[in-house]
file start.pdb (PDB, C-alpha atoms)
ATOM      1  CA  MET Z 838      -6.168  22.084  -5.886
ATOM      2  CA  LYS Z 839      -5.339  22.241  -2.192
ATOM      3  CA  SER Z 840      -3.363  19.204  -1.212
ATOM      4  CA  ALA Z 841      -2.015  17.833   2.053
ATOM      5  CA  VAL Z 842       0.978  15.473   2.147
ATOM      6  CA  LEU Z 843       1.169  13.255   5.223
ATOM      7  CA  VAL Z 844       4.538  12.889   6.929
ATOM      8  CA  PHE Z 845       5.354   9.819   8.999
ATOM      9  CA  PRO Z 846       8.715   8.987  10.575
ATOM     10  CA  GLY Z 847      10.692   7.040   7.967
ATOM     11  CA  ILE Z 848       8.866   8.461   4.944
ATOM     12  CA  ASN Z 849      11.329   9.728   2.301
ATOM     13  CA  ARG Z 850       9.350  10.614  -0.825
ATOM     14  CA  GLU Z 851       7.287  13.433   0.624
ATOM     15  CA  ARG Z 852       9.406  16.198  -0.887
ATOM     16  CA  ASP Z 853       9.322  14.681  -4.380
ATOM     17  CA  MET Z 854       5.564  14.514  -4.018
ATOM     18  CA  ALA Z 855       5.285  18.087  -2.737
ATOM     19  CA  ARG Z 856       7.444  19.330  -5.639
ATOM     20  CA  ALA Z 857       5.242  17.585  -8.217
ATOM     21  CA  LEU Z 858       2.051  18.906  -6.597
ATOM     22  CA  ARG Z 859       3.408  22.459  -6.390
ATOM     23  CA  MET Z 860       4.547  22.414  -9.995
ATOM     24  CA  ILE Z 861       1.375  20.983 -11.491
ATOM     25  CA  SER Z 862      -1.333  22.498  -9.273
ATOM     26  CA  GLY Z 863       0.362  25.847  -8.689
ATOM     27  CA  HIS Z 864      -0.384  25.626  -4.969
ATOM     28  CA  GLU Z 865       1.982  24.873  -2.119
ATOM     29  CA  PRO Z 866       0.863  21.614  -0.493
ATOM     30  CA  ALA Z 867       0.535  21.465   3.291
ATOM     31  CA  MET Z 868       2.865  19.017   5.017
ATOM     32  CA  VAL Z 869       0.862  17.301   7.762
ATOM     33  CA  TRP Z 870       2.624  15.499  10.616
ATOM     34  CA  HIS Z 871       1.249  12.062  11.557
ATOM     35  CA  ALA Z 872       0.336  13.121  15.107
ATOM     36  CA  GLU Z 873      -2.130  15.773  13.868
ATOM     37  CA  THR Z 874      -5.785  15.001  14.400
ATOM     38  CA  SER Z 875      -7.177  17.143  11.589
ATOM     39  CA  LEU Z 876      -6.372  18.184   8.020
ATOM     40  CA  PRO Z 877      -6.035  21.823   6.894
ATOM     41  CA  LYS Z 878      -9.428  23.348   6.080
ATOM     42  CA  GLY Z 879     -10.417  23.033   2.448
ATOM     43  CA  THR Z 880      -8.089  20.134   1.653
ATOM     44  CA  ASP Z 881      -9.084  18.620  -1.720
ATOM     45  CA  LEU Z 882      -6.470  15.884  -1.949
ATOM     46  CA  VAL Z 883      -4.642  13.948   0.766
ATOM     47  CA  VAL Z 884      -1.443  12.247  -0.365
ATOM     48  CA  VAL Z 885       0.182   9.421   1.548
ATOM     49  CA  PRO Z 886       3.700   9.389   0.087
ATOM     50  CA  GLY Z 887       6.263   6.625  -0.265
ATOM     51  CA  GLY Z 888       9.156   5.653   1.925
ATOM     52  CA  PHE Z 889       9.688   3.337   4.848
ATOM     53  CA  SER Z 890       7.366   4.507   7.606
ATOM     54  CA  TYR Z 891       8.502   3.116  10.961
ATOM     55  CA  GLY Z 892      11.256   1.217   9.154
ATOM     56  CA  ASP Z 893       8.668  -1.204   7.735
ATOM     57  CA  TYR Z 894       8.569  -2.761  11.219
ATOM     58  CA  LEU Z 895       5.862  -5.365  11.881
ATOM     59  CA  ARG Z 896       4.428  -5.124   8.332
ATOM     60  CA  CYS Z 897       4.878  -2.383   5.724
ATOM     61  CA  GLY Z 898       2.534   0.457   6.612
ATOM     62  CA  ALA Z 899       1.020  -1.317   9.618
ATOM     63  CA  ILE Z 900       2.072   1.181  12.278
ATOM     64  CA  ALA Z 901       1.517   4.310  10.185
ATOM     65  CA  ALA Z 902      -2.004   3.085   9.374
ATOM     66  CA  ARG Z 903      -2.871   3.440  13.072
ATOM     67  CA  ALA Z 904      -1.474   6.991  13.447
ATOM     68  CA  PRO Z 905      -3.832   9.717  14.784
ATOM     69  CA  VAL Z 906      -3.967  11.576  11.440
ATOM     70  CA  MET Z 907      -5.458   8.510   9.725
ATOM     71  CA  ASP Z 908      -8.818   9.077  11.456
ATOM     72  CA  ALA Z 909      -8.947  12.485   9.786
ATOM     73  CA  VAL Z 910      -8.053  10.847   6.459
ATOM     74  CA  ARG Z 911     -10.863   8.313   6.929
ATOM     75  CA  ASP Z 912     -13.330  11.187   7.575
ATOM     76  CA  HIS Z 913     -12.052  13.041   4.497
ATOM     77  CA  ALA Z 914     -12.483   9.905   2.361
ATOM     78  CA  ALA Z 915     -15.934   9.147   3.792
ATOM     79  CA  LYS Z 916     -17.058  12.639   2.672
ATOM     80  CA  GLY Z 917     -15.862  11.905  -0.844
ATOM     81  CA  GLY Z 918     -12.517  13.709  -0.544
ATOM     82  CA  LEU Z 919      -9.676  12.481  -2.764
ATOM     83  CA  VAL Z 920      -6.892  10.353  -1.303
ATOM     84  CA  LEU Z 921      -3.787   9.179  -3.193
ATOM     85  CA  GLY Z 922      -1.368   6.653  -1.694
ATOM     86  CA  VAL Z 923       1.886   5.881  -3.506
ATOM     87  CA  CYS Z 924       4.165   2.933  -2.707
ATOM     88  CA  ASN Z 925       4.407   2.837   1.103
ATOM     89  CA  GLY Z 926       1.309   5.054   0.955
ATOM     90  CA  PHE Z 927      -0.553   2.262  -0.884
ATOM     91  CA  GLN Z 928       0.561  -0.184   1.811
ATOM     92  CA  ILE Z 929      -0.631   2.225   4.510
ATOM     93  CA  LEU Z 930      -4.056   2.641   2.837
ATOM     94  CA  CYS Z 931      -4.468  -1.162   2.682
ATOM     95  CA  GLU Z 932      -3.429  -1.584   6.308
ATOM     96  CA  SER Z 933      -5.815   1.199   7.368
ATOM     97  CA  GLY Z 934      -8.764  -0.526   5.720
ATOM     98  CA  LEU Z 935      -9.349   2.308   3.222
ATOM     99  CA  LEU Z 936      -8.453  -0.110   0.422
ATOM    100  CA  PRO Z 937      -8.937  -3.885   0.354
ATOM    101  CA  GLY Z 938      -6.154  -6.459   0.148
ATOM    102  CA  VAL Z 939      -2.506  -6.363   1.078
ATOM    103  CA  LEU Z 940       0.931  -5.838  -0.496
ATOM    104  CA  MET Z 941       3.066  -8.946  -0.027
ATOM    105  CA  ARG Z 942       6.793  -9.515  -0.574
ATOM    106  CA  ASN Z 943       7.705  -9.431  -4.301
ATOM    107  CA  ASP Z 944       7.435 -12.974  -5.621
ATOM    108  CA  ARG Z 945      11.107 -13.107  -6.592
ATOM    109  CA  LEU Z 946      12.109 -11.643  -3.199
ATOM    110  CA  LYS Z 947      14.140  -8.819  -4.729
ATOM    111  CA  PHE Z 948      13.752  -5.092  -4.179
ATOM    112  CA  ILE Z 949      12.832  -3.688  -7.589
ATOM    113  CA  CYS Z 950      14.009  -0.209  -8.566
ATOM    114  CA  LYS Z 951      13.479   0.594 -12.247
ATOM    115  CA  ASP Z 952      11.126   2.144 -14.761
ATOM    116  CA  VAL Z 953       8.063   0.074 -15.599
ATOM    117  CA  HIS Z 954       5.191   0.410 -18.049
ATOM    118  CA  LEU Z 955       1.633   0.766 -16.852
ATOM    119  CA  ARG Z 956      -1.568   0.414 -18.825
ATOM    120  CA  VAL Z 957      -4.221   2.955 -17.892
ATOM    121  CA  GLU Z 958      -7.395   0.876 -17.744
ATOM    122  CA  ARG Z 959      -9.961   3.689 -17.945
ATOM    123  CA  SER Z 960      -9.940   7.445 -18.277
ATOM    124  CA  ASP Z 961     -13.199   8.334 -16.507
ATOM    125  CA  SER Z 962     -11.761   8.444 -12.998
ATOM    126  CA  PRO Z 963     -10.384  11.531 -11.201
ATOM    127  CA  PHE Z 964      -7.052   9.693 -11.061
ATOM    128  CA  THR Z 965      -6.826   8.866 -14.772
ATOM    129  CA  ARG Z 966      -8.657  11.603 -16.646
ATOM    130  CA  GLY Z 967      -5.326  13.053 -17.744
ATOM    131  CA  TYR Z 968      -4.809   9.905 -19.836
ATOM    132  CA  ASN Z 969      -6.660   7.912 -22.474
ATOM    133  CA  ALA Z 970      -8.031   4.465 -21.691
ATOM    134  CA  GLY Z 971      -5.494   1.881 -22.843
ATOM    135  CA  GLN Z 972      -2.636   4.399 -22.880
ATOM    136  CA  VAL Z 973       0.748   3.062 -21.772
ATOM    137  CA  ILE Z 974       2.811   5.242 -19.453
ATOM    138  CA  ARG Z 975       6.328   4.815 -18.106
ATOM    139  CA  VAL Z 976       6.967   5.483 -14.397
ATOM    140  CA  PRO Z 977       9.508   4.255 -11.848
ATOM    141  CA  VAL Z 978       8.933   1.700  -9.101
ATOM    142  CA  ALA Z 979      11.053   1.184  -5.980
ATOM    143  CA  HIS Z 980       9.691  -1.449  -3.653
ATOM    144  CA  GLY Z 981      10.299  -4.807  -2.001
ATOM    145  CA  GLU Z 982       6.670  -5.443  -1.078
ATOM    146  CA  GLY Z 983       4.441  -4.619  -4.023
ATOM    147  CA  ASN Z 984       2.881  -7.962  -4.738
ATOM    148  CA  TYR Z 985      -0.816  -7.172  -4.470
ATOM    149  CA  ALA Z 986      -2.957  -9.943  -2.985
ATOM    150  CA  ALA Z 987      -6.591 -10.236  -1.949
ATOM    151  CA  ASP Z 988      -9.156 -13.004  -1.647
ATOM    152  CA  GLU Z 989     -10.842 -14.248  -4.835
ATOM    153  CA  GLU Z 990     -14.100 -12.464  -4.052
ATOM    154  CA  THR Z 991     -12.328  -9.112  -3.655
ATOM    155  CA  LEU Z 992     -10.325  -9.604  -6.855
ATOM    156  CA  LYS Z 993     -13.476 -10.449  -8.744
ATOM    157  CA  ARG Z 994     -15.127  -7.245  -7.528
ATOM    158  CA  LEU Z 995     -12.056  -5.100  -8.286
ATOM    159  CA  ASN Z 996     -11.892  -6.436 -11.846
ATOM    160  CA  GLY Z 997     -15.637  -6.554 -12.441
ATOM    161  CA  ASP Z 998     -16.327  -3.055 -11.123
ATOM    162  CA  GLY Z 999     -13.474  -1.446 -13.051
ATOM    163  CA  ARG Z1000     -11.574  -0.569  -9.903
ATOM    164  CA  VAL Z1001      -8.180  -1.539 -11.281
ATOM    165  CA  LEU Z1002      -6.925   1.719 -12.795
ATOM    166  CA  TYR Z1003      -3.311   0.742 -13.524
ATOM    167  CA  ARG Z1004      -1.741  -2.596 -14.497
ATOM    168  CA  TYR Z1005       1.871  -3.555 -15.140
ATOM    169  CA  CYS Z1006       2.372  -4.182 -18.857
ATOM    170  CA  SER Z1007       4.952  -4.350 -21.620
ATOM    171  CA  ALA Z1008       5.999  -1.284 -23.628
ATOM    172  CA  ASP Z1009       3.213  -2.016 -26.124
ATOM    173  CA  GLY Z1010       0.528  -2.495 -23.490
ATOM    174  CA  GLU Z1011       0.526  -6.278 -23.234
ATOM    175  CA  VAL Z1012      -0.413  -7.542 -19.748
ATOM    176  CA  GLY Z1013       1.090 -10.912 -18.758
ATOM    177  CA  ASP Z1014       3.531 -12.818 -16.565
ATOM    178  CA  LEU Z1015       6.582 -11.359 -18.316
ATOM    179  CA  SER Z1016       5.669  -7.771 -17.449
ATOM    180  CA  ASN Z1017       4.213  -8.532 -14.013
ATOM    181  CA  ILE Z1018       7.296  -7.366 -12.115
ATOM    182  CA  ASN Z1019       6.349  -8.422  -8.589
ATOM    183  CA  GLY Z1020       3.795 -11.211  -8.987
ATOM    184  CA  ALA Z1021       0.773  -9.007  -8.203
ATOM    185  CA  ALA Z1022      -2.638 -10.605  -8.690
ATOM    186  CA  HIS Z1023      -3.922  -9.759 -12.193
ATOM    187  CA  SER Z1024      -0.844  -7.500 -12.671
ATOM    188  CA  ILE Z1025      -2.483  -4.928 -10.403
ATOM    189  CA  ALA Z1026      -0.414  -1.766  -9.950
ATOM    190  CA  GLY Z1027      -3.166   0.563  -8.690
ATOM    191  CA  ILE Z1028      -6.738   0.241  -7.401
ATOM    192  CA  VAL Z1029      -9.486   2.501  -6.130
ATOM    193  CA  ASN Z1030     -12.005   2.014  -3.327
ATOM    194  CA  GLU Z1031     -15.693   1.381  -3.976
ATOM    195  CA  ASN Z1032     -16.516   5.077  -4.353
ATOM    196  CA  GLY Z1033     -13.557   5.709  -6.623
ATOM    197  CA  ASN Z1034     -12.121   8.566  -4.539
ATOM    198  CA  VAL Z1035      -9.207   6.684  -2.912
ATOM    199  CA  LEU Z1036      -6.358   5.413  -5.123
ATOM    200  CA  GLY Z1037      -3.421   3.297  -4.020
ATOM    201  CA  MET Z1038      -0.595   2.505  -6.443
ATOM    202  CA  MET Z1039       2.928   1.086  -6.132
ATOM    203  CA  PRO Z1040       4.663   3.101  -8.926
ATOM    204  CA  HIS Z1041       5.830   6.692  -8.434
ATOM    205  CA  PRO Z1042       4.153   9.086 -10.909
ATOM    206  CA  GLU Z1043       5.657  12.024  -8.969
ATOM    207  CA  ASN Z1044       9.107  10.998 -10.174
ATOM    208  CA  HIS Z1045       8.287  11.421 -13.879
ATOM    209  CA  VAL Z1046       6.970  14.961 -14.077
ATOM    210  CA  GLU Z1047       9.865  17.090 -15.370
ATOM    211  CA  ASP Z1048      12.036  16.918 -18.503
ATOM    212  CA  ILE Z1049      15.142  16.618 -16.347
ATOM    213  CA  MET Z1050      13.764  13.313 -15.035
ATOM    214  CA  GLY Z1051      13.875  11.904 -18.555
ATOM    215  CA  CYS Z1052      10.133  11.391 -18.794
ATOM    216  CA  THR Z1053       6.982  13.290 -17.933
ATOM    217  CA  ASP Z1054       4.424  10.478 -18.151
ATOM    218  CA  GLY Z1055       3.473  10.928 -14.476
ATOM    219  CA  ARG Z1056       2.154  14.449 -15.010
ATOM    220  CA  GLY Z1057      -1.169  13.242 -16.371
ATOM    221  CA  LEU Z1058      -2.227  11.806 -13.042
ATOM    222  CA  PHE Z1059      -1.791  15.125 -11.227
ATOM    223  CA  ALA Z1060      -3.044  17.267 -14.117
ATOM    224  CA  GLY Z1061      -6.128  15.032 -14.273
ATOM    225  CA  LEU Z1062      -6.823  15.610 -10.581
ATOM    226  CA  VAL Z1063      -6.534  19.374 -11.046
ATOM    227  CA  ALA Z1064      -8.909  19.225 -14.030
ATOM    228  CA  HIS Z1065     -11.348  17.067 -12.081
ATOM    229  CA  LEU Z1066     -11.469  19.535  -9.190
ATOM    230  CA  ASP Z1067     -11.738  22.560 -11.513
ATOM    231  CA  ARG Z1068     -14.726  20.994 -13.168
ATOM    232  CA  ALA Z1069     -16.333  20.130  -9.821
ATOM    233  CA  ALA Z1070     -15.815  23.699  -8.529
TER
ATOM    234  CA  MET X 176       1.634 -12.348  33.519
ATOM    235  CA  LYS X 177       3.563 -13.505  30.482
ATOM    236  CA  ALA X 178       1.944 -14.293  27.188
ATOM    237  CA  ARG X 179       2.882 -15.191  23.649
ATOM    238  CA  VAL X 180       1.107 -14.254  20.438
ATOM    239  CA  THR X 181       2.110 -16.284  17.375
ATOM    240  CA  VAL X 182       1.240 -14.929  13.939
ATOM    241  CA  THR X 183       1.381 -17.227  10.913
ATOM    242  CA  LEU X 184       0.360 -16.917   7.274
ATOM    243  CA  LYS X 185      -2.963 -18.468   6.375
ATOM    244  CA  THR X 186      -2.944 -21.707   4.401
ATOM    245  CA  GLY X 187      -2.754 -21.036   0.693
ATOM    246  CA  ILE X 188      -1.034 -17.645   1.044
ATOM    247  CA  LEU X 189       2.217 -17.699  -0.902
ATOM    248  CA  ASP X 190       5.213 -17.428   1.448
ATOM    249  CA  PRO X 191       8.303 -16.622  -0.644
ATOM    250  CA  GLN X 192      10.415 -16.086   2.497
ATOM    251  CA  GLY X 193       9.496 -19.530   3.823
ATOM    252  CA  LYS X 194      10.343 -20.976   0.413
ATOM    253  CA  ALA X 195      13.772 -19.300   0.437
ATOM    254  CA  ILE X 196      14.469 -20.620   3.961
ATOM    255  CA  GLU X 197      13.348 -24.082   2.861
ATOM    256  CA  GLY X 198      15.769 -23.928  -0.066
ATOM    257  CA  ALA X 199      18.602 -22.784   2.227
ATOM    258  CA  LEU X 200      17.978 -25.644   4.672
ATOM    259  CA  LYS X 201      18.038 -28.145   1.844
ATOM    260  CA  SER X 202      21.271 -26.711   0.461
ATOM    261  CA  LEU X 203      22.774 -26.955   3.982
ATOM    262  CA  GLY X 204      22.066 -30.652   3.869
ATOM    263  CA  VAL X 205      19.489 -30.650   6.685
ATOM    264  CA  ASP X 206      17.617 -33.858   5.989
ATOM    265  CA  GLY X 207      13.905 -34.454   6.049
ATOM    266  CA  VAL X 208      12.636 -30.875   5.599
ATOM    267  CA  ALA X 209       9.422 -31.115   3.604
ATOM    268  CA  SER X 210       8.378 -27.433   3.754
ATOM    269  CA  VAL X 211       8.874 -24.230   5.757
ATOM    270  CA  ARG X 212       6.377 -21.466   6.547
ATOM    271  CA  GLN X 213       7.699 -18.476   8.467
ATOM    272  CA  GLY X 214       5.831 -16.270  10.956
ATOM    273  CA  LYS X 215       6.251 -13.957  13.936
ATOM    274  CA  VAL X 216       6.281 -14.397  17.704
ATOM    275  CA  PHE X 217       5.468 -11.626  20.192
ATOM    276  CA  ASP X 218       6.357 -12.154  23.862
ATOM    277  CA  ILE X 219       4.189  -9.812  25.869
ATOM    278  CA  GLU X 220       4.147  -9.020  29.585
ATOM    279  CA  LEU X 221       0.803  -7.982  30.989
ATOM    280  CA  ALA X 222       0.078  -6.014  34.137
ATOM    281  CA  GLY X 223      -2.539  -7.622  36.393
ATOM    282  CA  ALA X 224      -3.403 -11.265  37.010
ATOM    283  CA  ASP X 225      -6.924 -11.560  35.542
ATOM    284  CA  LYS X 226      -6.756 -14.246  32.839
ATOM    285  CA  ALA X 227      -9.966 -13.298  31.054
ATOM    286  CA  LYS X 228      -8.893  -9.632  30.850
ATOM    287  CA  ALA X 229      -5.459 -10.659  29.637
ATOM    288  CA  GLU X 230      -6.905 -12.822  26.886
ATOM    289  CA  ALA X 231      -9.250 -10.046  25.795
ATOM    290  CA  ALA X 232      -6.350  -7.560  25.693
ATOM    291  CA  LEU X 233      -4.186  -9.925  23.662
ATOM    292  CA  LYS X 234      -6.971 -10.634  21.214
ATOM    293  CA  ALA X 235      -7.527  -6.895  20.788
ATOM    294  CA  ALA X 236      -3.771  -6.401  20.253
ATOM    295  CA  ALA X 237      -3.681  -9.110  17.608
ATOM    296  CA  ASP X 238      -6.812  -7.924  15.791
ATOM    297  CA  LYS X 239      -5.885  -4.234  15.846
ATOM    298  CA  LEU X 240      -2.188  -4.420  15.064
ATOM    299  CA  LEU X 241      -0.137  -7.591  15.432
ATOM    300  CA  ALA X 242      -1.831  -9.575  12.665
ATOM    301  CA  ASN X 243      -3.265  -8.580   9.300
ATOM    302  CA  THR X 244      -6.209 -10.957   9.283
ATOM    303  CA  VAL X 245      -6.532 -10.691   5.496
ATOM    304  CA  ILE X 246      -3.509 -12.971   5.204
ATOM    305  CA  GLU X 247      -2.558 -14.044   8.731
ATOM    306  CA  ASN X 248      -3.864 -16.185  11.578
ATOM    307  CA  TYR X 249      -2.833 -15.710  15.186
ATOM    308  CA  ARG X 250      -2.734 -17.780  18.341
ATOM    309  CA  VAL X 251      -2.758 -16.392  21.892
ATOM    310  CA  GLU X 252      -1.137 -18.308  24.772
ATOM    311  CA  LEU X 253      -0.967 -17.317  28.442
ATOM    312  CA  LEU X 254       2.291 -18.575  29.863
ATOM    313  CA  GLY X 255       1.456 -17.739  33.532
TER
END

call {"tool": "encode", "arguments": {"input": "start.pdb", "output": "structure tokens"}}
result
Amino acid sequence: MKSAVLVFPGINRERDMARALRMISGHEPAMVWHAETSLPKGTDLVVVPGGFSYGDYLRCGAIAARAPVMDAVRDHAAKGGLVLGVCNGFQILCESGLLPGVLMRNDRLKFICKDVHLRVERSDSPFTRGYNAGQVIRVPVAHGEGNYAADEETLKRLNGDGRVLYRYCSADGEVGDLSNINGAAHSIAGIVNENGNVLGMMPHPENHVEDIMGCTDGRGLFAGLVAHLDRAA
Amino acid sequence: MKARVTVTLKTGILDPQGKAIEGALKSLGVDGVASVRQGKVFDIELAGADKAKAEAALKAAADKLLANTVIENYRVELLG
């Protein structure tokens, strides 16, 4: 799997992401500066990592979403290429129009930095094939604006078309107000676009991939992508 | 030419920041505050004196960047 990690000013999770990709795919990811107008040839997966691009000025992800490299990402996605946005990357994908909706301020106004449980809603997507449907995984979150919102029509389509891949849940997989950490509509933690090749999620799977991190539940996401591409090849 | 673009949250969109400000005003004893919604103001200086061009430029600025029209409305004013 050849991956490219985008780098914007103010991003700070790009090296965690690169480390996870290197370890699980066995290939060194390319680090692509935001002012570039193209992606390295043969890129399978574009990753928009987490952090605070442009200091979260204006709105989270708003300025990064208009960077030159995003046109290349749009082309890549339009051709069916895989795109993964994590945390600020999810916000950037929403602001760029690659995913619907918006990430609003957490409903209790606090920055949340802790491990959460996610329920994997289906296993037949490139982004979840490393898991079983209904499986509960534990991954960290670190965000102040992760409260997913969209109009009713959009939410209905996301739910009806199986485009919600990850939801916040309790340790035993129960979805409800108690486990919905940030007030997100329908406990949404991660969604895909209509074609299923662009995923945005608030939690950080790249931070639970090695034993030293205390948990390796995030590995499945990356291992699933590698398996998906191997099968397609 | 000077102009102002005001961006506000659409009706019905939850505004936790506005709610927190509302609570703070009430706890400060400011009387008569029924509710608070917060937003953003952009003061912009434009080159040239053509009003129609200025309005078009400001609208483009708001649509492309200043507002996220999924959740926000905006208002453009030319201040002369």

call {"tool": "interface_residues", "arguments": {"input": "start.pdb", "of": "chain X", "to": "chain Z", "cutoff": "8 Å", "atoms": "only C-alpha atoms", "output": "short mmCIF file (atom, residue, chain, number, x, y, z; two decimals) with C-alpha atoms, in the coordinates of the input"}}
result
data_model
loop_
_atom_site.label_atom_id
_atom_site.label_comp_id
_atom_site.auth_asym_id
_atom_site.auth_seq_id
_atom_site.Cartn_x
_atom_site.Cartn_y
_atom_site.Cartn_z
CA PRO X 191 8.30 -16.62 -0.64
CA GLN X 192 10.42 -16.09 2.50
CA LEU X 240 -2.19 -4.42 15.06
CA LEU X 241 -0.14 -7.59 15.43
CA ASN X 243 -3.26 -8.58 9.30
CA VAL X 245 -6.53 -10.69 5.50
CA ILE X 246 -3.51 -12.97 5.20
#

call {"tool": "resolve_selection", "arguments": {"input": "start.pdb", "expression": "the PyMOL selection byres ((chain Z and resi 877-883) around 9)", "output": "PDB file with C-alpha atoms, keeping the file's coordinate frame"}}
result
ATOM      1  CA  MET Z 838      -6.168  22.084  -5.886  1.00  0.00           C
ATOM      2  CA  LYS Z 839      -5.339  22.241  -2.192  1.00  0.00           C
ATOM      3  CA  SER Z 840      -3.363  19.204  -1.212  1.00  0.00           C
ATOM      4  CA  ALA Z 841      -2.015  17.833   2.053  1.00  0.00           C
ATOM      5  CA  VAL Z 842       0.978  15.473   2.147  1.00  0.00           C
ATOM      6  CA  LEU Z 843       1.169  13.255   5.223  1.00  0.00           C
ATOM      7  CA  ALA Z 867       0.535  21.465   3.291  1.00  0.00           C
ATOM      8  CA  VAL Z 869       0.862  17.301   7.762  1.00  0.00           C
ATOM      9  CA  SER Z 875      -7.177  17.143  11.589  1.00  0.00           C
ATOM     10  CA  LEU Z 876      -6.372  18.184   8.020  1.00  0.00           C
ATOM     11  CA  VAL Z 884      -1.443  12.247  -0.365  1.00  0.00           C
ATOM     12  CA  VAL Z 885       0.182   9.421   1.548  1.00  0.00           C
ATOM     13  CA  VAL Z 910      -8.053  10.847   6.459  1.00  0.00           C
ATOM     14  CA  HIS Z 913     -12.052  13.041   4.497  1.00  0.00           C
ATOM     15  CA  ALA Z 914     -12.483   9.905   2.361  1.00  0.00           C
ATOM     16  CA  GLY Z 918     -12.517  13.709  -0.544  1.00  0.00           C
ATOM     17  CA  LEU Z 919      -9.676  12.481  -2.764  1.00  0.00           C
ATOM     18  CA  VAL Z 920      -6.892  10.353  -1.303  1.00  0.00           C
ATOM     19  CA  LEU Z 921      -3.787   9.179  -3.193  1.00  0.00           C
ATOM     20  CA  GLY Z 922      -1.368   6.653  -1.694  1.00  0.00           C
ATOM     21  CA  LEU Z1062      -6.823  15.610 -10.581  1.00  0.00           C
ATOM     22  CA  LEU Z1066     -11.469  19.535  -9.190  1.00  0.00           C
TER      23      LEU Z1066
END

call {"tool": "resolve_selection", "arguments": {"input": "start.pdb", "expression": "the PyMOL selection byres ((chain X and resi 209) around 12)", "output": "PyMOL selection string"}}
result
chain X and resi 193-194+196-198+200-201+205-208+210-212

call {"tool": "atom_distance", "arguments": {"input": "start.pdb", "atom1": "CA of Pro977 (chain Z)", "atom2": "CA of Glu989 (chain Z)"}}
result
28.4 Å

call {"tool": "atom_distance", "arguments": {"input": "start.pdb", "atom1": "CA of Asn849 (chain Z)", "atom2": "CA of Tyr1005 (chain Z)"}}
result
23.9 Å

call {"tool": "residues_near_point", "arguments": {"input": "start.pdb", "point": "(-2.5, -3.3, -10.9)", "cutoff": "6 Å", "atoms": "all atoms listed in the file", "output": "number ranges by chain"}}
result
Z: 1001, 1003-1004, 1024-1027

call {"tool": "resolve_selection", "arguments": {"input": "start.pdb", "expression": "the PyMOL selection byres ((chain X and resi 181) around 6)", "output": "VMD selection string"}}
result
chain X and resid 180 182 215 to 216 249 to 250

call {"tool": "write_last_selection", "arguments": {"input": "start.pdb", "atoms": "C-alpha atoms", "output": "mmCIF file, in the frame of the given file"}}
result
data_model
loop_
_atom_site.group_PDB
_atom_site.id
_atom_site.type_symbol
_atom_site.label_atom_id
_atom_site.label_comp_id
_atom_site.auth_asym_id
_atom_site.auth_seq_id
_atom_site.Cartn_x
_atom_site.Cartn_y
_atom_site.Cartn_z
ATOM 1 C CA VAL X 180 1.107 -14.254 20.438
ATOM 2 C CA VAL X 182 1.240 -14.929 13.939
ATOM 3 C CA LYS X 215 6.251 -13.957 13.936
ATOM 4 C CA VAL X 216 6.281 -14.397 17.704
ATOM 5 C CA TYR X 249 -2.833 -15.710 15.186
ATOM 6 C CA ARG X 250 -2.734 -17.780 18.341
#

call {"tool": "decode", "arguments": {"input": "start.pdb", "residues": "region 1010-1020 of chain Z", "atoms": "N, CA and C atoms", "output": "CSV table (one decimal), in the first residue's frame"}}
result
chain,number,residue,atom,x,y,z
Z,1010,GLY,N,-20.8,-2.3,23.7
Z,1010,GLY,CA,-21.3,-2.0,22.4
Z,1010,GLY,C,-22.6,-1.3,22.3
Z,1011,GLU,N,-23.1,-0.8,23.5
Z,1011,GLU,CA,-24.4,-0.1,23.6
Z,1011,GLU,C,-24.2,1.3,23.1
Z,1012,VAL,N,-25.0,1.7,22.1
Z,1012,VAL,CA,-25.0,3.1,21.6
Z,1012,VAL,C,-26.1,3.9,22.4
Z,1013,GLY,N,-25.7,5.1,22.9
Z,1013,GLY,CA,-26.8,5.9,23.6
Z,1013,GLY,C,-26.1,7.2,24.1
Z,1014,ASP,N,-27.0,8.0,24.8
Z,1014,ASP,CA,-26.5,9.3,25.2
Z,1014,ASP,C,-25.3,9.2,26.2
Z,1015,LEU,N,-25.3,8.2,27.0
Z,1015,LEU,CA,-24.2,8.1,28.0
Z,1015,LEU,C,-22.9,7.9,27.3
Z,1016,SER,N,-22.8,7.2,26.2
Z,1016,SER,CA,-21.5,6.9,25.6
Z,1016,SER,C,-21.2,7.9,24.4
Z,1017,ASN,N,-22.2,8.8,24.1
Z,1017,ASN,CA,-22.0,9.8,23.1
Z,1017,ASN,C,-21.2,10.9,23.6
Z,1018,ILE,N,-19.9,10.8,23.5
Z,1018,ILE,CA,-19.0,11.8,24.3
Z,1018,ILE,C,-19.2,13.2,23.9
Z,1019,ASN,N,-19.5,13.5,22.6
Z,1019,ASN,CA,-19.5,14.9,22.2
Z,1019,ASN,C,-20.8,15.4,21.7
Z,1020,GLY,N,-21.8,14.6,21.8
Z,1020,GLY,CA,-23.2,15.1,21.3
Z,1020,GLY,C,-23.4,14.8,19.8
